[in-house]
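Source file: input.csv; contents: CSV, C-alpha atoms.
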chain,number,residue,atom,x,y,z
A,127,MET,CA,75.0,247.2,54.6
A,128,SER,CA,78.2,246.8,56.6
A,129,LYS,CA,79.3,249.7,58.8
A,130,ILE,CA,81.7,251.9,57.0
A,131,ASP,CA,85.0,252.1,59.0
A,132,GLU,CA,87.1,254.3,56.7
A,133,LEU,CA,86.9,256.6,53.7
A,134,VAL,CA,89.6,255.8,51.2
A,135,PHE,CA,90.4,258.5,48.7
A,136,LEU,CA,92.2,257.6,45.4
A,137,HIS,CA,93.8,261.0,44.8
A,138,GLN,CA,96.3,260.8,42.0
A,139,ASP,CA,96.6,264.6,41.5
A,140,SER,CA,99.4,266.5,43.1
A,141,THR,CA,97.1,269.0,44.8
A,142,PRO,CA,95.9,268.5,48.4
A,143,CYS,CA,92.8,266.4,48.9
A,144,HIS,CA,90.6,269.0,50.6
A,145,LEU,CA,87.6,266.7,50.8
A,146,ALA,CA,89.6,264.2,52.9
A,147,VAL,CA,90.6,267.0,55.2
A,148,LEU,CA,87.0,268.2,55.6
A,149,ALA,CA,85.8,264.6,56.3
A,150,GLU,CA,88.4,264.3,59.0
A,151,SER,CA,87.2,267.5,60.6
A,152,ILE,CA,83.8,266.0,61.3
A,153,GLY,CA,85.3,262.8,62.7
A,154,LEU,CA,85.4,260.5,59.7
A,155,LYS,CA,88.4,258.2,59.5
A,156,THR,CA,90.2,258.8,56.1
A,157,ARG,CA,93.1,257.4,54.1
A,158,ILE,CA,94.6,258.8,50.9
A,159,ALA,CA,95.9,256.5,48.2
A,160,ARG,CA,98.1,258.1,45.6
A,161,GLN,CA,98.2,255.1,43.2
A,162,VAL,CA,95.8,252.4,42.2
A,163,SER,CA,98.3,249.9,43.4
A,164,ASP,CA,97.9,251.3,46.9
A,165,LEU,CA,94.3,250.0,47.0
A,166,ASP,CA,93.4,246.6,48.4
A,167,PRO,CA,89.6,246.1,48.1
A,168,GLU,CA,89.7,242.6,49.5
A,169,ARG,CA,91.2,244.1,52.7
A,170,ASP,CA,89.0,247.2,52.7
A,171,ARG,CA,85.6,245.4,52.7
A,172,ASN,CA,84.2,247.9,55.2
A,173,SER,CA,85.7,251.0,53.5
A,174,PHE,CA,84.0,253.5,51.2
A,175,TYR,CA,86.1,254.4,48.2
A,176,LEU,CA,86.1,257.9,46.7
A,177,ILE,CA,87.8,258.0,43.3
A,178,ALA,CA,88.9,261.3,41.9
A,179,GLN,CA,88.0,261.7,38.2
A,180,LYS,CA,90.8,264.3,37.9
A,181,GLY,CA,94.0,262.5,37.0
A,182,ALA,CA,92.4,259.2,36.3
A,183,ALA,CA,92.3,257.1,33.1
A,184,LEU,CA,88.7,257.4,31.9
A,185,ASP,CA,86.4,255.2,29.8
A,186,SER,CA,84.3,256.6,26.9
A,187,LYS,CA,81.6,257.8,29.4
A,188,GLY,CA,84.1,259.8,31.6
A,189,VAL,CA,84.1,257.2,34.4
A,190,PRO,CA,87.5,256.2,35.8
A,191,LEU,CA,88.4,252.8,34.4
A,192,ILE,CA,89.4,251.5,37.8
A,193,VAL,CA,85.7,251.8,39.0
A,194,ALA,CA,84.4,248.7,37.2
A,195,ARG,CA,87.1,246.6,38.8
A,196,LEU,CA,86.5,247.8,42.3
A,197,LEU,CA,82.7,248.0,42.4
A,198,PRO,CA,82.1,244.2,43.1
A,199,HIS,CA,84.1,244.7,46.3
A,200,VAL,CA,83.5,248.1,47.8
A,201,PRO,CA,81.0,251.0,47.6
A,202,ILE,CA,82.3,253.8,45.4
A,203,ALA,CA,81.6,257.5,44.7
A,204,LEU,CA,83.4,259.9,42.4
A,205,TYR,CA,84.7,263.3,43.3
A,206,GLN,CA,86.5,266.1,41.6
A,207,VAL,CA,84.2,265.5,38.7
A,208,GLU,CA,84.2,268.1,36.0
A,209,ARG,CA,80.7,269.0,34.8
A,210,GLY,CA,80.1,267.9,31.2
A,211,SER,CA,83.0,265.4,31.2
A,212,LEU,CA,81.0,262.5,32.5
A,213,GLU,CA,77.6,260.9,31.8
A,214,PRO,CA,75.9,260.7,35.2
A,215,GLU,CA,73.4,258.1,33.9
A,216,SER,CA,76.2,255.7,33.0
A,217,ALA,CA,77.8,256.1,36.4
A,218,LEU,CA,74.4,255.5,38.1
A,219,LEU,CA,73.7,252.3,36.1
A,220,LEU,CA,77.2,251.1,36.7
A,221,GLY,CA,76.6,251.2,40.5
A,222,VAL,CA,78.5,254.4,41.5
A,223,ARG,CA,76.8,255.8,44.6
A,224,GLY,CA,77.1,259.4,43.7
A,225,LEU,CA,79.0,262.3,42.1
A,226,LEU,CA,80.7,265.2,43.8
A,227,PHE,CA,81.5,267.9,41.3
A,228,SER,CA,84.7,270.0,41.5
A,229,ASP,CA,82.7,273.3,41.4
A,230,GLN,CA,80.4,272.4,44.3
A,231,ARG,CA,80.5,274.2,47.6
A,232,MET,CA,82.4,272.2,50.1
A,233,ASP,CA,79.4,272.1,52.5
A,234,LEU,CA,77.3,270.6,49.8
A,235,SER,CA,80.0,268.0,49.0
A,236,LEU,CA,80.2,267.1,52.7
A,237,THR,CA,76.4,266.7,52.8
A,238,GLY,CA,76.6,264.4,49.8
A,239,LEU,CA,79.4,262.4,51.4
A,240,ARG,CA,77.4,261.9,54.6
A,241,LYS,CA,74.4,260.7,52.6
A,242,MET,CA,76.4,258.2,50.6
A,243,VAL,CA,78.2,256.8,53.7
A,244,ASN,CA,74.7,256.3,55.1
A,245,ASP,CA,73.8,254.2,52.0
A,246,GLU,CA,71.9,256.9,50.0
A,247,LEU,CA,72.4,257.8,46.4
A,248,TRP,CA,73.7,261.3,45.6
A,249,TYR,CA,72.5,262.3,42.2
A,250,ASP,CA,70.0,264.9,41.0
A,251,ARG,CA,66.5,263.6,41.6
A,252,PRO,CA,65.4,264.2,38.0
A,253,LEU,CA,68.2,261.9,36.8
A,254,ILE,CA,67.2,259.1,39.1
A,255,SER,CA,63.6,259.4,38.0
A,256,LYS,CA,64.6,259.5,34.4
A,257,VAL,CA,66.7,256.3,34.7
A,258,PHE,CA,64.0,254.5,36.6
A,259,ARG,CA,61.4,255.4,33.9
A,260,GLN,CA,63.7,254.1,31.2
A,261,LEU,CA,64.3,250.9,33.1
A,262,VAL,CA,60.6,250.4,33.6
A,263,SER,CA,59.9,251.0,29.9
A,264,ARG,CA,62.3,248.2,29.0
A,265,GLN,CA,60.6,245.7,31.3
A,266,ASP,CA,58.9,242.9,29.4
A,267,SER,CA,55.5,242.6,31.2
A,268,GLY,CA,55.0,239.2,29.6
A,269,VAL,CA,57.8,237.5,31.5
A,270,GLU,CA,56.4,234.9,33.9
A,271,LEU,CA,57.4,235.2,37.5
A,272,THR,CA,59.2,232.4,39.2
A,273,GLN,CA,57.7,230.9,42.3
A,274,ASP,CA,60.6,232.4,44.4
A,275,MET,CA,60.0,235.8,43.0
A,276,VAL,CA,56.2,235.6,43.7
A,277,ALA,CA,57.0,234.7,47.3
A,278,MET,CA,59.5,237.6,47.5
A,279,LEU,CA,56.9,240.1,46.2
A,280,GLN,CA,54.3,238.9,48.6
A,281,LYS,CA,56.5,239.5,51.5
A,282,LEU,CA,56.6,243.3,50.8
A,283,THR,CA,54.1,245.3,52.8
A,284,SER,CA,52.1,248.1,51.2
A,285,ARG,CA,54.3,250.7,53.1
A,286,GLU,CA,57.5,249.0,51.8
A,287,ARG,CA,56.2,249.1,48.2
A,288,THR,CA,55.5,252.8,48.7
A,289,ILE,CA,59.0,253.4,50.0
A,290,ILE,CA,60.5,251.5,47.1
A,291,GLN,CA,58.7,253.9,44.7
A,292,LEU,CA,59.9,256.9,46.7
A,293,VAL,CA,63.5,255.6,46.8
A,294,SER,CA,63.3,254.9,43.0
A,295,SER,CA,62.2,258.5,42.4
A,296,GLY,CA,65.3,259.8,44.2
A,297,ALA,CA,63.8,260.7,47.5
A,298,ARG,CA,66.2,260.6,50.5
A,299,ASN,CA,65.4,259.3,54.0
A,300,LYS,CA,64.3,262.6,55.4
A,301,GLU,CA,62.1,263.4,52.5
A,302,ILE,CA,60.5,259.9,52.7
A,303,ALA,CA,59.9,260.5,56.4
A,304,ASP,CA,58.3,263.8,55.8
A,305,ARG,CA,56.1,262.5,53.0
A,306,LEU,CA,54.9,259.5,55.0
A,307,CYS,CA,54.7,261.3,58.4
A,308,ILE,CA,57.1,258.9,60.1
A,309,SER,CA,60.6,259.2,61.6
A,310,GLU,CA,63.8,258.8,59.7
A,311,HIS,CA,64.6,255.9,62.1
A,312,THR,CA,61.4,254.2,61.0
A,313,VAL,CA,62.4,254.8,57.3
A,314,LYS,CA,65.8,253.3,57.9
A,315,ALA,CA,64.1,250.2,59.5
A,316,HIS,CA,61.8,249.9,56.5
A,317,ILE,CA,64.6,250.1,54.1
A,318,SER,CA,66.6,247.5,55.9
A,319,SER,CA,63.6,245.2,55.7
A,320,ILE,CA,63.3,246.0,52.0
A,321,PHE,CA,66.9,245.2,51.4
A,322,ARG,CA,66.5,241.9,53.2
A,323,LYS,CA,63.3,240.9,51.4
A,324,THR,CA,64.6,241.9,47.9
A,325,GLN,CA,68.1,240.5,48.6
A,326,SER,CA,69.6,244.0,47.8
A,327,ARG,CA,72.7,245.2,49.5
A,328,ASN,CA,72.2,248.9,48.7
A,329,ARG,CA,70.0,251.4,46.9
A,330,VAL,CA,71.7,250.8,43.6
A,331,GLU,CA,70.8,247.1,43.7
A,332,LEU,CA,67.3,248.0,44.9
A,333,LEU,CA,66.9,250.2,41.8
A,334,ARG,CA,68.0,247.3,39.6
A,335,TRP,CA,65.6,244.9,41.4
A,336,SER,CA,62.8,247.4,40.9
A,337,GLN,CA,63.6,247.6,37.2
A,338,ALA,CA,63.5,243.8,36.9
A,339,ASN,CA,60.1,243.5,38.6
A,340,ALA,CA,58.5,246.9,38.0
A,341,CYS,CA,55.5,245.7,35.9
A,342,HIS,CA,54.6,243.1,38.5
A,343,PHE,CA,53.7,245.4,41.4
A,344,GLU,CA,52.5,249.1,41.2
A,345,PHE,CA,55.1,250.7,38.9
A,346,CYS,CA,53.2,250.4,35.6
In structure tokens, how does this file's structure come out?
Amino acid sequence: MSKIDELVFLHQDSTPCHLAVLAESIGLKTRIARQVSDLDPERDRNSFYLIAQKGAALDSKGVPLIVARLLPHVPIALYQVERGSLEPESALLLGVRGLLFSDQRMDLSLTGLRKMVNDELWYDRPLISKVFRQLVSRQDSGVELTQDMVAMLQKLTSRERTIIQLVSSGARNKEIADRLCISEHTVKAHISSIFRKTQSRNRVELLRWSQANACHFEFC
């Protein structure tokens, strides 16, 4: 994953963007866009977009319509999300990195923001586990692997396969480190290797890759 240089908040509501102020207080560079037309994802390749649900045009699942257009270009999370107004499962499967709810404590929102900037998903673990189980259940175990896919699977070490399972269950880097009795730095090194071997750019793509190949290595 490329280094994140700036957080870009799409904040179309007239109220102040408190999350941006909080992010700046811990040294993160931020920029607030008031209109969709102010966004330039081609220019902002190394930015992380935070899209406010409040004030945005939404699809039938409660996800801002602009998200699908921006996701191929930049990582995205949603904030100012009203509980019960959005289907988290749909956001996760779409590729949204996480959700920050409007009724969350600001310190928890800041923790989530830090995690997402560091390429972790920010969803409830039960949701990630549920989605992963659903994806696995849809896998057709009779599909024959291509030669390239066999080679890719063979490159994964036993430790990397274990980490893929933990990531898919919703575990974060510190939790993986504690579970495996290794440092967070070592976990990050393993995950970088996994991304390279599976040709995944982030955890969302790794989750999709796991879904596509689940029945071929330890997930069934």
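Residue neighbourhood of region 197-214 of chain A, excluding near-sequence residues (fewer than 6 positions): Pro167, Glu168, Arg171, Ser173, Phe174, Tyr175, Leu176, Ile177, Ala178, Gln179, Lys180, Lys187, Gly188, Val189, Val222, Arg223, Gly224, Leu225, Leu226, Phe227 and Ser228 of chain A, at 7 Å, using all atoms listed in the file.
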Generate the output file for the selected residues, C-alpha atoms, as a short mmCIF file (atom, residue, chain, number, x, y, z; two decimals), in the coordinates of the input.
data_model
loop_
_atom_site.label_atom_id
_atom_site.label_comp_id
_atom_site.auth_asym_id
_atom_site.auth_seq_id
_atom_site.Cartn_x
_atom_site.Cartn_y
_atom_site.Cartn_z
CA PRO A 167 89.60 246.10 48.10
CA GLU A 168 89.70 242.60 49.50
CA ARG A 171 85.60 245.40 52.70
CA SER A 173 85.70 251.00 53.50
CA PHE A 174 84.00 253.50 51.20
CA TYR A 175 86.10 254.40 48.20
CA LEU A 176 86.10 257.90 46.70
CA ILE A 177 87.80 258.00 43.30
CA ALA A 178 88.90 261.30 41.90
CA GLN A 179 88.00 261.70 38.20
CA LYS A 180 90.80 264.30 37.90
CA LYS A 187 81.60 257.80 29.40
CA GLY A 188 84.10 259.80 31.60
CA VAL A 189 84.10 257.20 34.40
CA VAL A 222 78.50 254.40 41.50
CA ARG A 223 76.80 255.80 44.60
CA GLY A 224 77.10 259.40 43.70
CA LEU A 225 79.00 262.30 42.10
CA LEU A 226 80.70 265.20 43.80
CA PHE A 227 81.50 267.90 41.30
CA SER A 228 84.70 270.00 41.50
#
**Request:** Mind giving me the straight-line distance from CA of Met242 (chain A) to CA of Gln138 (chain A) in Å, one decimal?
**Result:**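 Distance between the two atoms: 21.8 Å.
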**Message:** One number please: CA of Phe258 (chain A) to CA of Ser326 (chain A), in Å, one decimal.
**Reply:** 16.3 Å
**Message:** To one decimal place in Å, what is the distance between CA of Ser309 (chain A) and CA of Gly153 (chain A)?
**Reply:**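 Value for the CA of Ser309 (chain A)-CA of Gly153 (chain A) distance: 25.0 Å.
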**Message:** Using all atoms listed in the file, can you tell me which of A:Gln291, A:Thr156, A:Ser163, A:Asn299 comes closest to Lys314 (chain A)?
**Reply:**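 Selected residue with least distance to Lys314 (chain A): A:Asn299.
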**Prompt:** Which protein, DNA or RNA residues have an atom at most 12 Å from (72.6, 253.7, 39.6), counting only C-alpha atoms? List them as number ranges by chain.
**Reply:** A: 197, 201-203, 213-225, 246-251, 253-258, 261, 293-296, 328-337
**Request:** Quick one: everything within 12 Å of Ala149 (chain A), counting all atoms listed in the file, minus sequence neighbours fewer than 2 positions away in the same chain. Send it as a PyMOL selection string.
**Result:** chain A and resi 132-135+143-147+151-158+176+232-233+235-240+243
**Request:** Find the residue from A:Leu191, A:Leu234, A:Leu165, A:Ile289 that sits nearest to Ile308 (chain A); use all atoms listed in the file when measuring.
**Result:**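 Under the stated criterion, the closest residue is A:Ile289.
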**Asked** Between A:Lys241, A:His137, A:Arg231, A:Lys323, which one has atoms that come closest to Lys300 (chain A), using all atoms listed in the file?
**Response** A:Lys241
